[in-house]
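Single-structure report; data block below.
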Amino acid sequence: MRQNVILDTGPLVAFVNRRETAHQWAIEQWNTIELPFLTCEAVITEACFLLKKDRFESCLTISEKPGFLLVGGRSIHPV
């Protein structure tokens, strides 16, 4: 399993949105990475904006752990 992976907007959107061309690829990659993913607020903001356009308004939720988000049930950590 790969560790300390930086998550950018494109793969995040592809993971959540089944209509994205790269969705299957994103799922496959997601399953080979040890948690947590590393990302930043700008990536989360952009992903939320893009996903909201496609009616994915509640795909990202705040975790019980401060500073963590849940995406599709998997944890990511904004840095």
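Just so we're on the same page: first chain in the structure tokens is A, next is B, and so on; residues restart at 1 for each chain, and ligands are numbered from 1 in the order they show up.
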
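Near His23 (chain A), within 10 Å and counting only C-alpha atoms, sit Gly10, Pro11, Leu12, Val13, Ala14, Phe15, Val16, Asn17, Arg18, Glu28 and Gln29 of chain A, not including residues fewer than 5 positions from it in the same chain.
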
Take the residues that were just selected and, keeping C-alpha atoms, output them as a short mmCIF file (atom, residue, chain, number, x, y, z; two decimals), in the first residue's frame.
```cif
data_model
loop_
_atom_site.label_atom_id
_atom_site.label_comp_id
_atom_site.auth_asym_id
_atom_site.auth_seq_id
_atom_site.Cartn_x
_atom_site.Cartn_y
_atom_site.Cartn_z
CA GLY A 10 -9.55 15.62 -10.15
CA PRO A 11 -9.16 12.21 -8.50
CA LEU A 12 -11.41 13.28 -5.61
CA VAL A 13 -14.21 14.34 -7.96
CA ALA A 14 -13.74 11.20 -10.06
CA PHE A 15 -14.00 9.02 -6.95
CA VAL A 16 -17.28 10.56 -5.83
CA ASN A 17 -19.00 11.08 -9.20
CA ARG A 18 -19.80 7.81 -11.02
CA GLU A 28 -8.93 1.30 -8.07
CA GLN A 29 -6.29 3.81 -6.94
#
```

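You can rank A:Thr45, A:Trp25, A:Glu34, A:Arg19 by their closest distance to Gln3 (chain A) using only C-alpha atoms, and at the top of that list sits A:Glu34.
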
With a distance cut-off of 12 Å and only C-alpha atoms, select the neighbouring residues of Met1 (chain A), excluding the residue or stretch itself and same-chain residues fewer than 2 positions from it, and output the selection as a PyMOL selection string.
chain A and resi 3-5+29-36

Write the selection just made, keeping all heavy atoms, as a JSON list (two decimals), in the first residue's frame?
```
[["chain", "number", "residue", "atom", "x", "y", "z"],
["A", 3, "GLN", "N", 1.71, 5.14, 0.87],
["A", 3, "GLN", "CA", 1.47, 6.01, 2.02],
["A", 3, "GLN", "C", 1.76, 7.46, 1.65],
["A", 3, "GLN", "O", 2.48, 7.74, 0.71],
["A", 3, "GLN", "CB", 2.37, 5.62, 3.19],
["A", 3, "GLN", "CG", 2.13, 4.24, 3.71],
["A", 3, "GLN", "CD", 3.11, 3.90, 4.83],
["A", 3, "GLN", "OE1", 4.13, 4.54, 4.99],
["A", 3, "GLN", "NE2", 2.78, 2.88, 5.59],
["A", 4, "ASN", "N", 1.22, 8.39, 2.46],
["A", 4, "ASN", "CA", 1.47, 9.82, 2.30],
["A", 4, "ASN", "C", 1.17, 10.31, 0.89],
["A", 4, "ASN", "O", 1.97, 11.00, 0.27],
["A", 4, "ASN", "CB", 2.92, 10.16, 2.68],
["A", 4, "ASN", "CG", 3.20, 9.81, 4.12],
["A", 4, "ASN", "OD1", 2.36, 10.00, 4.99],
["A", 4, "ASN", "ND2", 4.37, 9.28, 4.37],
["A", 5, "VAL", "N", 0.00, 9.96, 0.40],
["A", 5, "VAL", "CA", -0.42, 10.35, -0.94],
["A", 5, "VAL", "C", -1.14, 11.69, -0.87],
["A", 5, "VAL", "O", -2.02, 11.90, -0.04],
["A", 5, "VAL", "CB", -1.34, 9.28, -1.56],
["A", 5, "VAL", "CG1", -1.93, 9.74, -2.86],
["A", 5, "VAL", "CG2", -0.55, 7.99, -1.75],
["A", 29, "GLN", "N", -7.41, 3.15, -7.61],
["A", 29, "GLN", "CA", -6.29, 3.81, -6.94],
["A", 29, "GLN", "C", -6.57, 4.02, -5.46],
["A", 29, "GLN", "O", -5.70, 3.82, -4.62],
["A", 29, "GLN", "CB", -5.98, 5.15, -7.62],
["A", 29, "GLN", "CG", -5.58, 5.04, -9.06],
["A", 29, "GLN", "CD", -4.44, 4.07, -9.27],
["A", 29, "GLN", "OE1", -3.39, 4.17, -8.64],
["A", 29, "GLN", "NE2", -4.65, 3.10, -10.15],
["A", 30, "TRP", "N", -7.79, 4.44, -5.15],
["A", 30, "TRP", "CA", -8.20, 4.71, -3.76],
["A", 30, "TRP", "C", -7.96, 3.48, -2.90],
["A", 30, "TRP", "O", -7.54, 3.59, -1.75],
["A", 30, "TRP", "CB", -9.68, 5.07, -3.79],
["A", 30, "TRP", "CG", -10.20, 5.83, -2.61],
["A", 30, "TRP", "CD1", -10.60, 5.30, -1.41],
["A", 30, "TRP", "CD2", -10.43, 7.23, -2.50],
["A", 30, "TRP", "NE1", -11.07, 6.29, -0.59],
["A", 30, "TRP", "CE2", -10.97, 7.48, -1.23],
["A", 30, "TRP", "CE3", -10.24, 8.29, -3.38],
["A", 30, "TRP", "CZ2", -11.31, 8.75, -0.81],
["A", 30, "TRP", "CZ3", -10.58, 9.55, -2.95],
["A", 30, "TRP", "CH2", -11.11, 9.78, -1.68],
["A", 31, "ASN", "N", -8.22, 2.31, -3.46],
["A", 31, "ASN", "CA", -8.10, 1.07, -2.70],
["A", 31, "ASN", "C", -6.66, 0.60, -2.51],
["A", 31, "ASN", "O", -6.42, -0.38, -1.81],
["A", 31, "ASN", "CB", -8.93, -0.03, -3.36],
["A", 31, "ASN", "CG", -10.41, 0.23, -3.19],
["A", 31, "ASN", "OD1", -10.86, 0.73, -2.17],
["A", 31, "ASN", "ND2", -11.17, -0.10, -4.21],
["A", 32, "THR", "N", -5.69, 1.29, -3.13],
["A", 32, "THR", "CA", -4.29, 0.89, -2.98],
["A", 32, "THR", "C", -3.51, 1.86, -2.09],
["A", 32, "THR", "O", -2.31, 1.73, -1.97],
["A", 32, "THR", "CB", -3.58, 0.83, -4.35],
["A", 32, "THR", "OG1", -3.50, 2.14, -4.90],
["A", 32, "THR", "CG2", -4.29, -0.11, -5.30],
["A", 33, "ILE", "N", -4.22, 2.80, -1.48],
["A", 33, "ILE", "CA", -3.56, 3.85, -0.70],
["A", 33, "ILE", "C", -3.90, 3.71, 0.77],
["A", 33, "ILE", "O", -5.06, 3.55, 1.14],
["A", 33, "ILE", "CB", -3.99, 5.24, -1.21],
["A", 33, "ILE", "CG1", -3.57, 5.39, -2.68],
["A", 33, "ILE", "CG2", -3.40, 6.34, -0.35],
["A", 33, "ILE", "CD1", -4.18, 6.58, -3.36],
["A", 34, "GLU", "N", -2.87, 3.76, 1.59],
["A", 34, "GLU", "CA", -3.07, 3.72, 3.04],
["A", 34, "GLU", "C", -3.53, 5.09, 3.52],
["A", 34, "GLU", "O", -2.99, 6.12, 3.11],
["A", 34, "GLU", "CB", -1.77, 3.33, 3.74],
["A", 34, "GLU", "CG", -1.93, 3.10, 5.22],
["A", 34, "GLU", "CD", -0.65, 2.57, 5.83],
["A", 34, "GLU", "OE1", 0.00, 1.72, 5.20],
["A", 34, "GLU", "OE2", -0.32, 3.01, 6.94],
["A", 35, "LEU", "N", -4.51, 5.10, 4.37],
["A", 35, "LEU", "CA", -5.06, 6.36, 4.89],
["A", 35, "LEU", "C", -4.14, 6.95, 5.94],
["A", 35, "LEU", "O", -3.39, 6.23, 6.56],
["A", 35, "LEU", "CB", -6.44, 6.09, 5.50],
["A", 35, "LEU", "CG", -7.46, 5.52, 4.53],
["A", 35, "LEU", "CD1", -8.75, 5.25, 5.25],
["A", 35, "LEU", "CD2", -7.68, 6.46, 3.38],
["A", 36, "PRO", "N", -4.21, 8.24, 6.17],
["A", 36, "PRO", "CA", -5.09, 9.21, 5.51],
["A", 36, "PRO", "C", -4.43, 9.76, 4.24],
["A", 36, "PRO", "O", -3.22, 9.70, 4.07],
["A", 36, "PRO", "CB", -5.23, 10.32, 6.55],
["A", 36, "PRO", "CG", -3.91, 10.32, 7.25],
["A", 36, "PRO", "CD", -3.49, 8.85, 7.29]]
```

Quick one: pull the distance between CA of Ile44 (chain A) and CA of Ile27 (chain A), Å, one decimal.
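For CA of Ile44 (chain A) relative to CA of Ile27 (chain A), the distance reads 17.9 Å.
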
Neighbour list for Ala42 (chain A) as a list in words, cut-off 10 Å, only C-alpha atoms, skip fewer than 3 positions in-chain
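Surrounding residues, per the criterion: Asp8, Thr9, Thr39, Thr45, Glu46, Ala47, Cys48 and Pro78 of chain A.
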
Could you turn the residues from that selection into a file that holds N, CA and C atoms, as an mmCIF file, in the first residue's frame?
```
data_model
loop_
_atom_site.group_PDB
_atom_site.id
_atom_site.type_symbol
_atom_site.label_atom_id
_atom_site.label_comp_id
_atom_site.auth_asym_id
_atom_site.auth_seq_id
_atom_site.Cartn_x
_atom_site.Cartn_y
_atom_site.Cartn_z
ATOM 1 N N ASP A 8 -5.520 15.395 -5.036
ATOM 2 C CA ASP A 8 -5.885 16.612 -5.749
ATOM 3 C C ASP A 8 -7.361 16.538 -6.159
ATOM 4 N N THR A 9 -7.866 17.633 -6.704
ATOM 5 C CA THR A 9 -9.292 17.763 -7.006
ATOM 6 C C THR A 9 -9.791 16.724 -8.007
ATOM 7 N N THR A 39 -4.309 16.493 1.720
ATOM 8 C CA THR A 39 -4.855 17.462 0.773
ATOM 9 C C THR A 39 -4.882 18.826 1.435
ATOM 10 N N THR A 45 -12.476 22.685 -1.349
ATOM 11 C CA THR A 45 -13.386 23.730 -1.828
ATOM 12 C C THR A 45 -13.718 23.539 -3.298
ATOM 13 N N GLU A 46 -12.700 23.306 -4.109
ATOM 14 C CA GLU A 46 -12.927 23.119 -5.542
ATOM 15 C C GLU A 46 -13.750 21.864 -5.814
ATOM 16 N N ALA A 47 -13.457 20.782 -5.108
ATOM 17 C CA ALA A 47 -14.215 19.543 -5.286
ATOM 18 C C ALA A 47 -15.684 19.744 -4.914
ATOM 19 N N CYS A 48 -15.929 20.421 -3.812
ATOM 20 C CA CYS A 48 -17.318 20.686 -3.410
ATOM 21 C C CYS A 48 -18.035 21.518 -4.459
ATOM 22 N N PRO A 78 -6.827 17.138 5.459
ATOM 23 C CA PRO A 78 -6.312 18.358 4.830
ATOM 24 C C PRO A 78 -5.071 18.846 5.561
#
```
